[in-house]
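Visitor: So that you have it, the file is entry_22.cif, and it contains mmCIF, C-alpha atoms:
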data_protein
loop_
_atom_site.label_atom_id
_atom_site.label_comp_id
_atom_site.auth_asym_id
_atom_site.auth_seq_id
_atom_site.Cartn_x
_atom_site.Cartn_y
_atom_site.Cartn_z
CA MET A 250 0.85 7.31 -0.95
CA GLN A 251 3.15 4.42 -1.84
CA LYS A 252 5.99 6.84 -1.09
CA THR A 253 4.56 7.30 2.43
CA ILE A 254 4.47 3.54 3.02
CA CYS A 255 8.04 3.13 1.84
CA LEU A 256 9.13 6.12 3.92
CA LEU A 257 7.59 4.51 6.99
CA LEU A 258 9.12 1.10 6.32
CA MET A 259 12.63 2.06 5.24
CA PRO A 260 13.68 3.85 8.46
CA LEU A 261 12.20 0.99 10.45
CA ALA A 262 13.93 -1.59 8.30
CA LEU A 263 17.27 0.24 8.37
CA SER A 264 17.09 0.63 12.12
CA CYS A 265 16.71 -3.12 12.46
CA ILE A 266 19.58 -4.40 10.33
CA ASN A 267 22.25 -6.27 12.24
CA ALA A 268 24.87 -6.78 9.56
CA THR A 269 27.51 -9.44 9.93
CA LYS A 270 29.30 -9.61 6.57
CA ASN A 271 32.22 -7.44 5.45
CA GLN A 272 31.49 -6.90 1.75
CA GLU A 273 30.15 -3.34 1.58
CA THR A 274 30.07 -0.42 4.00
CA LEU A 275 27.03 1.80 4.38
CA THR A 276 27.44 4.88 6.54
CA ILE A 277 24.31 6.18 8.21
CA THR A 278 24.70 9.68 9.58
CA ASP A 279 22.63 10.99 12.45
CA ASN A 280 22.87 14.53 13.82
CA SER A 281 24.18 13.18 17.11
CA GLN A 282 26.32 10.27 15.98
CA ASN A 283 27.89 8.43 13.05
CA LEU A 284 27.06 4.78 12.63
CA THR A 285 28.80 2.41 10.24
CA GLN A 286 27.22 -0.91 9.44
CA MET A 287 28.35 -3.67 7.14
CA VAL A 288 25.45 -4.48 4.83
CA THR A 289 25.09 -6.93 1.96
CA ASN A 290 22.15 -7.89 -0.22
CA ASP A 291 22.05 -11.28 1.51
CA ASP A 292 21.87 -9.59 4.91
CA PHE A 293 18.97 -7.40 3.88
CA GLN A 294 17.12 -10.20 2.05
CA SER A 295 17.38 -12.42 5.12
CA PHE A 296 16.33 -9.55 7.37
CA TRP A 297 13.41 -8.58 5.09
CA ILE A 298 12.01 -12.12 5.05
CA ASP A 299 11.93 -12.22 8.86
CA PHE A 300 10.73 -8.62 9.17
CA ARG A 301 7.92 -8.96 6.59
CA ASN A 302 6.75 -12.23 8.14
CA ALA A 303 6.67 -10.57 11.57
CA ILE A 304 4.61 -7.69 10.14
CA ILE A 305 2.19 -10.01 8.35
CA SER A 306 1.72 -12.17 11.45
CA LEU A 307 1.51 -9.04 13.64
CA ASP A 308 4.29 -10.42 15.83
CA TYR A 309 4.95 -7.20 17.73
CA VAL A 310 7.35 -8.93 20.13
CA LYS A 311 9.59 -10.03 17.25
CA LEU A 312 9.34 -6.60 15.59
CA ILE A 313 10.39 -4.95 18.85
CA GLU A 314 13.34 -7.35 19.12
CA MET A 315 14.38 -6.49 15.54
CA THR A 316 14.23 -2.72 16.01
CA ASN A 317 16.85 -0.37 17.42
CA PHE A 318 15.24 2.25 19.64
CA PRO A 319 14.51 5.07 19.65
CA LEU A 320 13.18 4.93 16.10
CA LYS A 321 13.13 8.25 14.26
CA SER A 322 10.03 9.02 12.19
CA HIS A 323 7.90 11.90 10.97
CA GLY A 324 4.25 12.51 10.19
CA LYS A 325 2.44 11.52 7.01
CA ARG A 326 4.22 14.16 4.94
CA ASP A 327 7.96 14.55 4.41
CA GLU A 328 7.85 18.09 5.77
CA ASP A 329 6.17 17.06 9.04
CA PRO A 330 8.48 17.36 12.06
CA GLN A 331 10.52 14.37 13.14
CA PHE A 332 9.87 12.59 16.40
CA LEU A 333 11.27 9.62 18.27
CA ILE A 334 9.39 6.42 18.93
CA TYR A 335 10.49 4.60 22.05
CA LYS A 336 10.05 0.91 22.74
CA ASP A 337 7.07 1.44 25.05
CA ARG A 338 5.11 3.29 22.29
CA PHE A 339 6.20 1.15 19.32
CA TYR A 340 3.22 -1.23 19.46
CA TYR A 341 0.75 1.65 19.25
CA PHE A 342 2.71 3.47 16.54
CA LEU A 343 3.07 0.42 14.30
CA LYS A 344 -0.53 -0.68 14.82
CA VAL A 345 -1.76 2.75 13.72
CA CYS A 346 0.59 2.83 10.70
CA LEU A 347 -0.34 -0.65 9.51
CA ASN A 348 -4.06 0.04 9.77
CA GLU A 349 -4.00 3.38 7.95
CA ASP A 350 -5.46 3.65 4.47
CA THR A 351 -2.77 3.69 1.76
CA GLY A 352 -4.79 6.23 -0.20
CA MET A 353 -3.98 4.35 -3.42
CA THR A 354 -7.28 2.56 -3.91
CA MET A 355 -10.95 3.38 -3.61
CA ASP A 356 -11.61 0.41 -1.33
CA GLY A 357 -9.61 1.68 1.64
CA GLU A 358 -6.71 -0.77 1.40
CA THR A 359 -4.59 -0.68 4.56
CA ASN A 360 -0.80 -0.45 4.64
CA LEU A 361 -0.74 -4.00 6.05
CA ALA A 362 -2.77 -5.32 3.11
CA PHE A 363 -0.48 -3.43 0.73
CA ILE A 364 2.63 -4.98 2.31
CA LYS A 365 1.10 -8.47 2.08
CA LYS A 366 0.26 -7.93 -1.58
CA ASN A 367 3.32 -6.06 -2.87
CA PHE A 368 6.47 -6.63 -0.84
CA HIS A 369 7.28 -10.26 -1.52
CA THR A 370 10.18 -12.16 0.00
CA GLY A 371 11.46 -13.97 -3.03
#
Let me see whether you can do it: turn the structure in this file into structure tokens.
Guide:
Amino acid sequence: MQKTICLLLMPLALSCINATKNQETLTITDNSQNLTQMVTNDDFQSFWIDFRNAIISLDYVKLIEMTNFPLKSHGKRDEDPQFLIYKDRFYYFLKVCLNEDTGMTMDGETNLAFIKKNFHTG
């Protein structure tokens, strides 16, 4: 289930990066377009601190500002069909994802609790 959480967070995180430094090039390929972004560890670390804090504080406005829409996702399993999440549905989508059970503990730990506990900023 940890794989599911990471799979949900990584596309969201990657869609939000606004890189500004010219040290390394990462090419992200989409079926409809090719995007090239300049990404460094410092860029991602800085982004992740802001992004994680926005998740923990449930600052949906900031999360919406940090996300490029439409966001591409899929169901709980890798083989589930992909779908697009538009800005007007993002709040609902993220709220559902964060409140789902991780499936990794017997006590019903949510994805939000898992992020608070495991994905530290430093």
Visitor: Suppose you want the space between CA of Met355 (chain A) and CA of Leu343 (chain A); what is it in Å?
Guide: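 Interatomic distance, CA of Met355 (chain A) to CA of Leu343 (chain A): 22.9 Å.
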Visitor: What gap, in Å, lies between CA of Asp327 (chain A) and CA of Thr354 (chain A)?
Guide: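 It comes out at 21.1 Å.
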Visitor: For the atom pair CA of Ser322 (chain A) and CA of Ile334 (chain A), what is the interatomic distance in Å to one decimal place?
Guide: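 Taking CA of Ser322 (chain A) as the start and CA of Ile334 (chain A) as the end point, the length is 7.3 Å.
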Visitor: Using the file's own x, y and z axes, so that the box edges lie along x, y and z, what centre and edge lengths in Å (one decimal) does a box around every listed atom of region 319-335 of chain A get when 4 Å is added on each side? Give it as lines of an AutoDock Vina configuration file.
Guide:
center_x = 8.5
center_y = 11.3
center_z = 13.2
size_x = 20.1
size_y = 21.5
size_z = 25.6
Visitor: Name all residues at most 8 Å from region 298-313 of chain A (count all atoms listed in the file; drop same-chain ones fewer than 3 positions away) and give them as JSON, numbers by chain.
Guide: {"A": [262, 294, 295, 316, 336, 339, 340, 361, 364, 365, 368, 370]}
Visitor: If we draw a sphere of 12 Å around (-4.5, 0.4, -0.3), which residues have at least one atom in it when counting all atoms listed in the file? Please report them as a list in words.
Guide: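 Applying the cut-off with all atoms listed in the file, one gets Met250, Gln251, Thr253, Ile254, Leu347, Asn348, Glu349, Asp350, Thr351, Gly352, Met353, Thr354, Met355, Asp356, Gly357, Glu358, Thr359, Asn360, Leu361, Ala362, Phe363, Ile364, Lys365, Lys366 and Asn367 of chain A.
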Visitor: Tell me which of A:Tyr335, A:Asp291, A:Val345, A:Trp297 sits closest to Asn317 (chain A), counting only C-alpha atoms.
Guide: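 Closest candidate: A:Tyr335.
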Visitor: Name the residues that the PyMOL selection byres ((chain A and resi 321) around 7) pulls out of this structure, and write them as number ranges by chain.
Guide: A: 319-320, 322, 331-334
